[in-house]
$ cat start_19.txt   # compact mmCIF, C-alpha atoms
# COMPACT_ATOMS: atom_id res chain seq x y z
CA MET A 1 125.34 92.98 71.53
CA ILE A 2 122.24 91.77 69.67
CA ASP A 3 123.07 90.54 66.18
CA ALA A 4 121.97 92.39 63.04
CA ALA A 5 119.28 89.83 62.26
CA HIS A 6 117.39 90.96 65.37
CA ALA A 7 118.23 94.67 65.28
CA ASP A 8 115.24 95.65 63.16
CA SER A 9 112.72 93.12 64.45
CA GLY A 10 112.12 94.57 67.89
CA GLY A 11 112.63 92.60 71.02
CA GLY A 12 110.89 91.18 74.02
CA LEU A 13 111.08 93.15 77.23
CA ILE A 14 113.74 90.81 78.62
CA GLU A 15 115.98 91.51 75.63
CA ILE A 16 115.28 95.26 75.78
CA ARG A 17 116.06 95.38 79.50
CA GLU A 18 119.31 93.52 78.88
CA GLY A 19 120.18 95.86 76.00
CA ALA A 20 119.59 98.92 78.20
CA ARG A 21 121.77 97.41 80.92
CA ARG A 22 124.64 96.84 78.48
CA ILE A 23 124.41 100.37 77.08
CA LEU A 24 124.40 102.00 80.52
CA GLU A 25 127.21 99.82 81.87
CA SER A 26 129.37 100.31 78.79
CA ALA A 27 128.96 104.09 79.06
CA GLY A 28 129.69 104.06 82.81
CA ALA A 29 126.39 105.88 83.29
CA LEU A 30 124.83 103.75 86.05
CA HIS A 31 124.73 105.46 89.45
CA ASP A 32 126.64 103.58 92.20
CA GLY A 33 124.74 100.42 93.22
CA TRP A 34 122.01 100.97 90.61
CA SER A 35 120.68 98.56 88.01
CA VAL A 36 117.88 98.32 85.46
CA ARG A 37 115.48 96.80 87.93
CA GLY A 38 112.24 96.95 85.93
CA ILE A 39 110.71 97.56 82.53
CA ARG A 40 107.22 97.94 81.09
CA ARG A 41 105.92 98.68 77.62
CA LEU A 42 104.42 102.13 77.06
CA ASP A 43 103.28 101.70 73.46
CA ALA A 44 104.38 99.99 70.25
CA ARG A 45 107.62 101.99 70.03
CA ALA A 46 108.48 102.93 73.63
CA VAL A 47 109.24 101.34 76.99
CA VAL A 48 109.70 102.73 80.49
CA LEU A 49 112.86 101.69 82.33
CA ASP A 50 112.92 101.64 86.14
CA VAL A 51 116.56 102.27 87.10
CA GLY A 52 117.63 102.41 90.71
CA PRO A 53 119.02 100.64 93.79
CA THR A 54 117.73 97.29 95.06
CA ARG A 55 115.57 99.17 97.56
CA GLY A 56 114.59 102.79 97.56
CA GLN A 57 113.95 105.52 95.03
CA GLY A 58 115.27 105.38 91.50
CA VAL A 59 114.30 107.10 88.25
CA ALA A 60 111.87 106.24 85.46
CA LEU A 61 113.14 106.80 81.91
CA GLU A 62 111.03 106.63 78.75
CA TRP A 63 113.15 105.04 75.99
CA CYS A 64 111.70 105.37 72.50
CA GLU A 65 112.55 104.32 68.96
CA PRO A 66 111.01 107.07 66.76
CA ALA A 67 111.92 105.53 63.37
CA GLY A 68 111.26 108.83 61.60
CA GLU A 69 108.17 109.78 63.58
CA HIS A 70 107.98 112.91 65.77
CA VAL A 71 108.36 112.42 69.52
CA ASP A 72 108.73 114.82 72.45
CA ALA A 73 111.79 113.85 74.43
CA PHE A 74 114.51 115.19 76.72
CA LEU A 75 117.24 113.97 74.37
CA LYS A 76 117.22 112.64 70.80
CA GLY A 77 119.91 110.67 69.03
CA ASP A 78 120.16 109.06 65.63
CA SER A 79 118.19 105.96 66.67
CA TYR A 80 116.62 106.63 70.07
CA ALA A 81 114.91 109.33 72.12
CA VAL A 82 114.81 109.46 75.92
CA GLY A 83 112.74 111.40 78.43
CA TYR A 84 111.97 111.45 82.14
CA ARG A 85 108.71 110.05 83.53
CA ARG A 86 107.12 110.44 86.91
CA ALA A 87 106.43 107.18 88.69
CA PRO A 88 105.35 106.31 92.24
CA GLY A 89 108.31 105.58 94.50
CA ASN A 90 110.85 107.24 92.17
CA TRP A 91 112.53 110.63 92.18
CA ASP A 92 110.74 113.51 90.48
CA LEU A 93 113.58 114.89 88.38
CA ASP A 94 111.80 118.24 87.92
CA ASP A 95 111.51 118.77 91.66
CA ALA A 96 113.93 121.30 93.15
CA ASP A 97 114.37 119.08 96.23
CA THR A 98 115.68 116.12 94.22
CA PRO A 99 119.43 115.74 95.00
CA ALA A 100 121.79 117.15 92.38
CA ASP A 101 123.72 113.88 92.08
CA ILE A 102 120.49 112.04 91.18
CA LYS A 103 119.75 114.60 88.47
CA ARG A 104 123.29 114.29 87.10
CA ALA A 105 123.03 110.50 87.09
CA ALA A 106 119.67 110.62 85.28
CA ALA A 107 121.08 113.02 82.67
CA ALA A 108 124.06 110.72 82.09
CA MET A 109 121.78 107.71 81.61
CA CYS A 110 119.56 109.63 79.19
CA HIS A 111 122.61 110.68 77.16
CA ALA A 112 123.92 107.10 77.01
CA LEU A 113 120.57 105.67 75.87
CA ALA A 114 119.79 108.44 73.37
CA HIS A 115 123.17 108.34 71.65
CA ALA A 116 123.78 104.59 71.70
CA ALA A 117 124.57 102.92 68.40
CA ARG A 118 121.49 101.08 67.12
CA ALA A 119 121.72 97.61 68.60
CA GLN A 120 118.33 96.97 70.18
CA GLY A 121 114.95 97.19 68.49
CA LEU A 122 112.28 98.64 70.76
CA ARG A 123 109.26 98.48 68.47
CA THR A 124 106.70 95.69 68.47
CA ASP A 125 105.53 96.14 64.90
CA ARG A 126 104.46 92.84 63.37
CA PRO A 127 103.22 92.28 59.82
CA SER A 128 99.44 91.97 59.73
CA ASP A 129 99.69 88.80 57.66
CA ALA A 130 102.11 87.07 60.06
CA PRO A 131 100.90 83.57 61.00
CA VAL A 132 99.08 83.08 64.31
CA ARG A 133 99.47 79.84 66.28
CA ASP A 134 96.64 78.58 68.49
CA VAL A 135 97.54 77.33 71.97
CA ASP A 136 95.00 75.59 74.20
CA PHE A 137 94.87 77.36 77.56
CA GLN A 138 95.26 74.14 79.53
CA THR A 139 98.05 72.88 81.75
CA GLU A 140 99.85 70.63 79.28
CA ALA A 141 99.75 72.94 76.28
CA PHE A 142 100.63 76.05 78.29
CA THR A 143 103.52 74.26 80.03
CA ALA A 144 104.90 73.09 76.67
CA TRP A 145 104.58 76.62 75.23
CA LEU A 146 106.38 78.14 78.23
CA SER A 147 109.12 75.49 78.33
CA SER A 148 111.14 77.09 75.52
CA HIS A 149 112.07 79.84 78.01
CA LEU A 150 111.13 78.44 81.45
CA ARG A 151 110.83 74.79 82.45
CA VAL A 152 109.90 73.19 85.77
CA GLY A 153 113.04 73.37 87.90
CA ASP A 154 114.42 76.45 86.14
CA ALA A 155 115.18 79.54 88.22
CA LEU A 156 113.21 82.65 87.28
CA TRP A 157 114.63 85.21 89.72
CA GLU A 158 117.27 85.02 92.49
CA GLY A 159 117.00 81.24 92.83
CA TRP A 160 113.17 81.03 92.84
CA GLN A 161 112.40 78.00 90.69
CA LEU A 162 109.28 77.10 88.73
CA ALA A 163 107.85 74.22 90.77
CA GLU A 164 104.52 73.34 89.15
CA ILE A 165 101.74 74.51 86.84
CA TYR A 166 98.21 73.27 87.48
CA PRO A 167 94.56 74.34 86.96
CA HIS A 168 93.15 76.95 89.32
CA GLY A 169 89.39 77.01 88.93
CA ALA A 170 87.79 76.92 85.50
CA SER A 171 89.65 79.76 83.78
CA GLU A 172 93.08 80.18 85.41
CA LEU A 173 96.35 78.30 85.75
CA ALA A 174 98.36 78.43 88.96
CA VAL A 175 102.11 78.86 88.52
CA ALA A 176 103.92 77.80 91.70
CA PHE A 177 107.49 78.65 92.71
CA GLU A 178 109.89 77.44 95.37
CA LEU A 179 113.28 78.38 96.74
CA PRO A 180 115.30 75.54 98.31
CA GLY A 181 115.39 76.04 102.07
CA ASP A 182 112.65 78.71 102.09
CA THR A 183 109.22 78.07 103.65
CA LEU A 184 107.38 80.35 101.23
CA ALA A 185 105.67 78.75 98.24
CA PRO A 186 104.44 81.63 96.06
CA ARG A 187 101.65 80.93 93.60
CA LEU A 188 100.82 83.28 90.74
CA LYS A 189 97.76 82.91 88.52
CA VAL A 190 97.69 83.26 84.76
CA ARG A 191 94.53 83.76 82.70
CA ILE A 192 93.61 84.84 79.19
CA ARG A 193 93.70 88.63 79.09
CA ASP A 194 90.60 90.34 80.48
CA ASP A 195 90.80 94.14 80.51
CA GLU A 196 87.72 94.34 82.75
CA ARG A 197 89.66 92.77 85.64
CA PRO A 198 92.82 94.01 87.39
CA ALA A 199 96.15 92.31 86.72
CA ALA A 200 99.63 92.57 88.19
CA PHE A 201 101.21 92.19 84.73
CA ARG A 202 99.53 92.15 81.33
CA THR A 203 100.85 90.95 77.97
CA SER A 204 98.97 91.23 74.69
CA SER A 205 97.18 87.92 75.39
CA LEU A 206 97.63 87.04 79.07
CA ASP A 207 97.16 88.43 82.58
CA ILE A 208 99.22 87.56 85.66
CA THR A 209 97.57 88.02 89.04
CA TYR A 210 98.17 87.21 92.67
CA ASN A 211 96.17 87.83 95.80
CA LEU A 212 95.51 91.46 96.55
CA VAL A 213 96.41 92.95 99.92
CA PHE A 214 93.78 94.85 101.91
CA GLY A 215 95.27 97.24 104.48
CA GLN A 216 97.98 96.33 106.97
CA THR A 217 99.38 92.84 106.53
CA THR A 218 101.81 90.69 108.47
CA ASP A 219 103.65 89.38 105.42
CA ASP A 220 105.31 92.21 103.50
CA ARG A 221 108.14 89.92 102.39
CA ARG A 222 105.75 87.58 100.59
CA ALA A 223 104.01 90.54 98.94
CA ALA A 224 107.35 91.82 97.63
CA ILE A 225 108.36 88.37 96.33
CA ASN A 226 105.01 87.89 94.58
CA GLU A 227 105.32 91.32 92.98
CA ARG A 228 108.82 90.62 91.64
CA LEU A 229 107.99 87.09 90.46
CA ALA A 230 104.92 88.42 88.64
CA SER A 231 107.06 91.05 86.94
CA GLU A 232 109.75 88.56 85.91
CA LEU A 233 107.25 85.95 84.72
CA GLY A 234 105.46 88.69 82.81
CA LEU A 235 108.67 89.48 80.92
CA VAL A 236 109.02 85.83 79.94
CA LEU A 237 105.41 85.62 78.78
CA GLU A 238 105.72 88.89 76.88
CA THR A 239 108.77 87.54 75.06
CA LEU A 240 106.85 84.44 73.96
CA ASP A 241 103.47 86.08 73.42
CA ARG A 242 103.81 87.03 69.75
CA GLY A 243 101.81 85.43 67.00
CA VAL A 244 99.95 83.32 69.57
CA ARG A 245 96.22 83.04 70.22
CA PHE A 246 95.09 81.25 73.39
CA ILE A 247 91.99 79.10 73.13
CA PRO A 248 89.88 78.96 76.34
CA SER A 249 89.33 75.56 77.92
CA THR A 250 86.00 74.00 77.01
CA THR A 251 86.01 71.62 79.98
CA ALA A 252 84.51 74.05 82.51
CA PRO A 253 81.42 72.59 84.22
CA GLU A 254 77.99 73.91 83.43
CA PHE A 255 76.08 75.35 86.37
CA THR A 256 72.34 75.17 86.81
CA GLU A 257 70.50 78.20 88.10
CA MET A 258 69.40 77.68 91.69
CA PRO A 259 66.36 79.25 93.36
CA ASP A 260 67.07 82.56 95.08
CA ALA A 261 66.91 81.03 98.57
CA PRO A 262 69.01 82.35 101.45
CA PRO A 263 72.36 80.52 101.74
CA ARG A 264 72.32 78.28 104.79
CA ALA A 265 75.74 79.48 105.91
CA MET A 266 77.95 82.52 105.45
CA ASN A 267 81.66 81.76 105.23
CA LEU A 268 83.69 84.36 107.16
CA ALA A 269 87.27 83.70 105.99
CA ILE A 270 89.31 85.87 108.35
CA PRO A 271 92.95 86.14 107.20
CA ALA A 272 94.84 86.32 110.49
CA PRO A 273 98.09 84.33 110.85
CA CYS A 274 98.13 80.91 112.51
CA GLY A 275 101.86 80.51 113.18
CA GLN A 276 101.83 76.89 111.96
CA THR A 277 103.27 75.24 108.85
CA CYS A 278 101.00 72.21 108.44
CA ASN A 279 102.43 70.01 105.73
CA PHE A 280 99.08 69.58 103.95
CA CYS A 281 98.08 73.25 104.00
CA SER A 282 96.80 74.61 100.69
CA VAL A 283 95.81 78.12 101.83
CA ARG A 284 98.95 79.72 103.29
CA GLU A 285 100.02 81.06 99.90
CA GLU A 286 96.45 81.95 98.91
CA ILE A 287 95.71 84.39 101.74
CA TYR A 288 97.50 87.47 103.02
CA PRO A 289 97.15 87.95 106.79
CA VAL A 290 95.30 91.21 107.48
CA LEU A 291 95.19 92.81 110.95
CA ASP A 292 93.83 96.28 110.21
CA ARG A 293 90.26 96.57 111.55
CA ASP A 294 89.73 99.65 109.34
CA SER A 295 90.80 97.93 106.12
CA ALA A 296 88.54 97.55 103.10
CA LEU A 297 88.47 93.79 103.70
CA VAL A 298 87.10 94.06 107.24
CA GLN A 299 84.54 96.61 106.10
CA SER A 300 83.44 94.14 103.43
CA PHE A 301 83.04 91.50 106.18
CA ARG A 302 80.66 93.81 108.05
CA GLU A 303 78.63 94.46 104.93
CA ASP A 304 78.48 90.74 104.07
CA ILE A 305 77.26 89.85 107.58
CA VAL A 306 74.44 92.39 107.43
CA ARG A 307 73.46 91.39 103.89
CA SER A 308 73.50 87.65 104.70
CA ALA A 309 71.44 88.14 107.86
CA GLN A 310 68.87 90.17 105.94
CA ARG A 311 68.54 87.31 103.45
CA GLY A 312 67.83 84.88 106.28
CA THR A 313 71.20 83.13 106.70
CA GLN A 314 71.33 81.41 110.09
CA VAL A 315 74.86 79.91 110.27
CA LEU A 316 78.18 81.80 110.40
CA ARG A 317 81.24 79.70 109.54
CA ILE A 318 84.30 81.35 111.12
CA ASN A 319 87.53 80.25 109.44
CA GLY A 320 90.40 81.59 107.35
CA ILE A 321 93.93 80.99 108.57
CA GLU A 322 93.50 81.60 112.31
CA PRO A 323 90.44 83.80 112.91
CA LEU A 324 91.03 83.74 116.67
CA ASN A 325 94.14 85.88 116.16
CA ALA A 326 92.25 88.69 114.40
CA PRO A 327 91.97 91.85 116.56
CA TYR A 328 88.58 92.59 114.98
CA LEU A 329 87.05 89.10 115.51
CA PHE A 330 84.77 89.92 118.43
CA GLU A 331 83.43 93.03 116.70
CA LEU A 332 82.29 90.81 113.82
CA LEU A 333 80.82 88.19 116.15
CA ASP A 334 78.87 90.84 118.05
CA LEU A 335 77.54 92.23 114.77
CA ALA A 336 76.47 88.78 113.54
CA ARG A 337 74.66 88.06 116.80
CA THR A 338 72.95 91.46 116.78
CA GLU A 339 71.82 90.91 113.18
CA GLY A 340 70.15 87.65 114.18
CA ILE A 341 72.50 84.94 112.90
CA GLY A 342 71.73 82.19 115.40
CA GLU A 343 74.51 79.60 115.01
CA PHE A 344 78.32 79.94 114.80
CA HIS A 345 80.81 77.29 113.61
CA LEU A 346 84.51 77.81 114.37
CA LEU A 347 87.19 76.11 112.25
CA SER A 348 90.70 77.09 113.36
CA THR A 349 93.82 75.71 115.02
CA CYS A 350 92.04 76.49 118.33
CA ARG A 351 95.43 77.04 119.97
CA PRO A 352 94.50 80.52 121.27
CA LEU A 353 91.75 78.79 123.31
CA ALA A 354 94.50 77.25 125.45
CA ASP A 355 94.44 80.61 127.24
CA ARG A 356 91.62 80.24 129.79
CA ALA A 357 90.64 83.92 129.79
CA PHE A 358 90.48 84.02 126.01
CA ALA A 359 88.43 80.80 125.91
CA GLU A 360 85.97 82.32 128.39
CA ARG A 361 85.66 85.44 126.24
CA TYR A 362 85.06 83.38 123.11
CA ILE A 363 82.35 81.20 124.67
CA ALA A 364 80.65 84.31 126.06
CA ALA A 365 80.42 85.68 122.50
CA MET A 366 78.55 82.61 121.22
CA PRO A 367 74.82 82.53 120.37
CA ALA A 368 72.55 79.78 121.72
CA ARG A 369 73.93 77.24 119.25
CA TYR A 370 77.55 76.82 118.21
CA HIS A 371 80.06 74.23 116.96
CA ILE A 372 83.80 74.28 117.60
CA TYR A 373 86.04 72.14 115.38
CA VAL A 374 89.37 71.36 117.06
CA PRO A 375 92.10 69.91 114.79
CA LEU A 376 94.13 67.07 116.30
CA TYR A 377 96.63 65.20 114.12
CA GLY A 378 98.27 62.73 116.49
CA SER A 379 97.94 60.96 119.82
CA SER A 380 101.26 62.42 120.97
CA ALA A 381 103.12 65.69 120.75
CA ALA A 382 105.75 64.10 118.49
CA ILE A 383 103.19 63.13 115.83
CA HIS A 384 100.84 66.11 116.03
CA ASP A 385 103.65 68.69 116.10
CA ALA A 386 105.37 67.04 113.13
CA VAL A 387 102.20 67.35 111.01
CA ALA A 388 101.51 70.91 112.23
CA GLY A 389 105.14 71.89 111.73
CA THR A 390 105.12 73.62 115.12
CA THR A 391 106.61 72.61 118.45
CA GLY A 392 104.11 72.96 121.31
CA ALA A 393 101.01 72.75 119.11
CA PHE A 394 99.81 69.47 120.69
CA ASP A 395 100.03 70.84 124.22
CA ASP A 396 98.09 73.95 123.20
CA VAL A 397 95.34 71.92 121.55
CA MET A 398 94.95 69.63 124.57
CA LYS A 399 94.70 72.67 126.89
CA ALA A 400 92.13 74.17 124.57
CA ILE A 401 90.04 70.99 124.65
CA ARG A 402 90.13 70.94 128.46
CA ASN A 403 89.04 74.59 128.62
CA LEU A 404 86.23 74.02 126.14
CA ARG A 405 84.92 70.93 127.97
CA ASP A 406 84.71 73.03 131.14
CA LEU A 407 83.12 76.10 129.53
CA MET A 408 80.79 74.91 126.76
CA GLY A 409 77.08 74.78 127.56
CA GLU A 410 74.25 72.65 126.21
CA GLY A 411 74.06 74.55 122.94
CA GLY A 412 77.69 73.86 122.08
CA VAL A 413 79.06 70.92 120.09
CA LEU A 414 82.75 70.02 120.35
CA ILE A 415 84.10 68.25 117.26
CA VAL A 416 87.64 66.97 116.79
CA SER A 417 88.83 67.03 113.19
CA THR A 418 91.75 64.97 111.86
CA ILE A 419 93.43 65.04 108.47
CA LEU A 420 95.28 61.83 107.65
CA VAL A 421 98.70 62.14 106.04
CA GLN A 422 101.70 59.83 105.83
CA GLN A 423 103.04 61.02 109.18
CA ASN A 424 99.95 60.07 111.19
CA VAL A 425 98.00 57.38 109.31
CA HIS A 426 99.67 54.69 111.42
CA ASP A 427 98.44 56.49 114.56
CA ALA A 428 94.71 56.41 113.71
CA VAL A 429 93.72 53.78 116.29
CA ALA A 430 95.66 55.40 119.15
CA LEU A 431 94.26 58.78 118.11
CA ARG A 432 90.71 57.37 118.17
CA ASP A 433 91.22 56.06 121.69
CA LEU A 434 92.57 59.44 122.86
CA ILE A 435 89.76 61.43 121.24
CA LYS A 436 86.75 59.27 122.14
CA PRO A 437 86.19 60.65 125.67
CA LEU A 438 87.06 64.25 124.73
CA CYS A 439 84.41 65.35 122.24
CA ASP A 440 80.92 64.92 120.79
CA TRP A 441 82.07 63.86 117.33
CA TRP A 442 85.24 62.94 115.41
CA GLU A 443 85.64 63.86 111.75
CA VAL A 444 88.42 62.24 109.71
CA HIS A 445 89.48 63.48 106.27
CA LEU A 446 92.15 62.98 103.65
CA ALA A 447 94.13 66.01 102.55
CA PHE A 448 93.07 67.35 99.15
CA PRO A 449 93.62 70.54 97.12
CA ASN A 450 91.13 73.22 98.06
CA THR A 451 90.44 73.90 94.37
$ encode --input "start_19.txt" --output "structure tokens"
Amino acid sequence: MIDAAHADSGGGLIEIREGARRILESAGALHDGWSVRGIRRLDARAVVLDVGPTRGQGVALEWCEPAGEHVDAFLKGDSYAVGYRRAPGNWDLDDADTPADIKRAAAAMCHALAHAARAQGLRTDRPSDAPVRDVDFQTEAFTAWLSSHLRVGDALWEGWQLAEIYPHGASELAVAFELPGDTLAPRLKVRIRDDERPAAFRTSSLDITYNLVFGQTTDDRRAAINERLASELGLVLETLDRGVRFIPSTTAPEFTEMPDAPPRAMNLAIPAPCGQTCNFCSVREEIYPVLDRDSALVQSFREDIVRSAQRGTQVLRINGIEPLNAPYLFELLDLARTEGIGEFHLLSTCRPLADRAFAERYIAAMPARYHIYVPLYGSSAAIHDAVAGTTGAFDDVMKAIRNLRDLMGEGGVLIVSTILVQQNVHDAVALRDLIKPLCDWWEVHLAFPNT
């Protein structure tokens, strides 16, 4: 139970959620297998509780602290009032088709919350003259501010640990998480609150976002984990975000206006899955794979191609995760060619080009001029596959190179691209000797963050 010193001062959403859980458990009112799985603030005196099973439909309950003010509610007690709310994915308790046991469970939970002894403040009232502390919205200051509730290495939800906080562009911070033994590395973004832009979770001063999903994706698990981590991090930030004012960073670069000339190249970042886990990759957690050709994202690709061609753009850069695995790729290539874009550059794993028929189809879709960048990370399967994190990747790339050497015409340029990391830097000379007779050019890079 929350002590008397906190009973009248309100609480953060984490404390309120915990208080609701204790009340419902103590009253034996929770339906079998149910928990208080979510919470959001409705206004200064009310919250909405999402109560239900781990997966599936639950119920949404509005829990209010009237404090002498009139409220409309299903049940009213001495300290609290409770009502039902409709929410996507939850039972409509006014619907005749909702099971009777769900309605009974919801009524029991409402009774327990409405008639609980006052132990948890729900209101967010704060004296107008309360002091406000300024916090620089930069990595070090934000990390120090957050550390009172969540430090690097601490678990936020079901073992997912805060791994790192670092700048993401000029106005956001990336908040990265990891779970020992799991290949996912979710990254949320935090920015100073901006009501003109969408957010996954919003406190009085901050927004939490993550990449939006357009249409059918291949990674529903990652979407669900990002959604839950954003919710849990939001509760932590909401708890801390009182009497704080965030000061925007003043270190953002100044940009000079450029003439309105057509961009030389259009970047077509197609988010289809690659199937590899390259140890230097900085985009896997930034992009959701999308396969739906009718999605809003693919429609935006079509519009961008037409608009870029009309402005005079002559180069299409085809990349993403693995654009060759997108079922809508050739539709976009045909459109770009028809619109008059005269040169294509492919940057991908190139492994699908190991299939001779597919390689023939791809080359047939090229305009008069085209470049193909083939990534090769080692002179042997052992080295290349270790960097790519995928057994068989080296053999696929070598087959792809053989196919391309046979099929590419005079307008094509074959470029091998290598990223040097600890696992292959010792192999650079042997790799050079392997590559020299295979391509027109060899590009060598160091790995670096894409921001």
$ atom_distance --input "start_19.txt" --atom1 "atom CA of A:Leu113" --atom2 "atom CA of A:Pro66"
13.3 Å
$ residues_around --input "start_19.txt" --residues "stretch 425-429 of chain A" --least-positions-apart "4" --cutoff "9 Å" --atoms "only C-alpha atoms" --output "number ranges by chain"
A: 377-379, 383, 419-421, 433-434
$ atom_distance --input "start_19.txt" --atom1 "atom CA of A:Phe301" --atom2 "atom CA of A:Ile270"
8.7 Å
$ residues_around --input "start_19.txt" --residues "A:Ala29" --least-positions-apart "6" --cutoff "7 Å" --atoms "only C-alpha atoms" --output "VMD selection string"
chain A and resid 105 108 to 109 112
$ residues_near_point --input "start_19.txt" --point "(98.8, 86.3, 76.8)" --cutoff "8 Å" --atoms "only C-alpha atoms" --output "JSON, numbers by chain"
{"A": [191, 192, 193, 202, 203, 204, 205, 206, 207, 237, 238, 241, 244, 245, 246]}
$ atom_distance --input "start_19.txt" --atom1 "atom CA of A:Cys350" --atom2 "atom CA of A:Ala265"
20.7 Å
$ residues_around --input "start_19.txt" --residues "A:Gly392" --least-positions-apart "5" --cutoff "12 Å" --atoms "only C-alpha atoms" --output "list in words"
Gly275, Gln276, Arg351, Ala354, Ser380, Ala381, Ala382, Ile383, His384, Asp385, Ala386, Val387, Val397, Met398 and Lys399 of chain A
$ closest_residue --input "start_19.txt" --among "A:Cys439, A:Leu376, A:Ala393, A:Val59" --to "A:Cys274" --atoms "only C-alpha atoms"
A:Ala393
$ residues_around --input "start_19.txt" --residues "A:Arg361" --least-positions-apart "3" --cutoff "12 Å" --atoms "all atoms listed in the file" --output "list in words"
Leu324, Leu329, Phe330, Leu333, Asp334, Pro352, Leu353, Asp355, Arg356, Ala357, Phe358, Ala364, Ala365, Met366, Asn403, Leu404, Leu407 and Met408 of chain A
$ residues_around --input "start_19.txt" --residues "A:Ala326" --least-positions-apart "2" --cutoff "9 Å" --atoms "only C-alpha atoms" --output "list in words"
Ile270, Pro271, Ala272, Pro273, Val290, Leu291, Asp292, Arg293, Glu322, Pro323, Leu324, Tyr328, Leu329 and Phe330 of chain A
$ closest_residue --input "start_19.txt" --among "A:Val236, A:Leu75, A:Asp136, A:Ser35" --to "A:Arg151" --atoms "all atoms listed in the file"
A:Val236
$ closest_residue --input "start_19.txt" --among "A:Gly243, A:Gly409, A:Pro53, A:Pro186" --to "A:Val135" --atoms "only C-alpha atoms"
A:Gly243
$ closest_residue --input "start_19.txt" --among "A:Trp63, A:Phe142, A:Tyr288, A:Tyr362" --to "A:Arg85" --atoms "only C-alpha atoms"
A:Trp63
$ residues_near_point --input "start_19.txt" --point "(125.8, 105.3, 68.6)" --cutoff "12 Å" --atoms "all atoms listed in the file" --output "ChimeraX atom specification"
/A:23,26-27,76-80,111-120
$ write_last_selection --input "start_19.txt" --atoms "C-alpha atoms" --output "compact mmCIF listing (two decimals), in the frame of the given file"
# COMPACT_ATOMS: atom_id res chain seq x y z
CA ILE A 23 124.41 100.37 77.08
CA SER A 26 129.37 100.31 78.79
CA ALA A 27 128.96 104.09 79.06
CA LYS A 76 117.22 112.64 70.80
CA GLY A 77 119.91 110.67 69.03
CA ASP A 78 120.16 109.06 65.63
CA SER A 79 118.19 105.96 66.67
CA TYR A 80 116.62 106.63 70.07
CA HIS A 111 122.61 110.68 77.16
CA ALA A 112 123.92 107.10 77.01
CA LEU A 113 120.57 105.67 75.87
CA ALA A 114 119.79 108.44 73.37
CA HIS A 115 123.17 108.34 71.65
CA ALA A 116 123.78 104.59 71.70
CA ALA A 117 124.57 102.92 68.40
CA ARG A 118 121.49 101.08 67.12
CA ALA A 119 121.72 97.61 68.60
CA GLN A 120 118.33 96.97 70.18
$ closest_residue --input "start_19.txt" --among "A:Phe344, A:Val298, A:Ile305, A:Val132" --to "A:Ile247" --atoms "only C-alpha atoms"
A:Val132
$ closest_residue --input "start_19.txt" --among "A:Val71, A:Ile225, A:Ile39, A:Ala336" --to "A:Phe201" --atoms "all atoms listed in the file"
A:Ile39
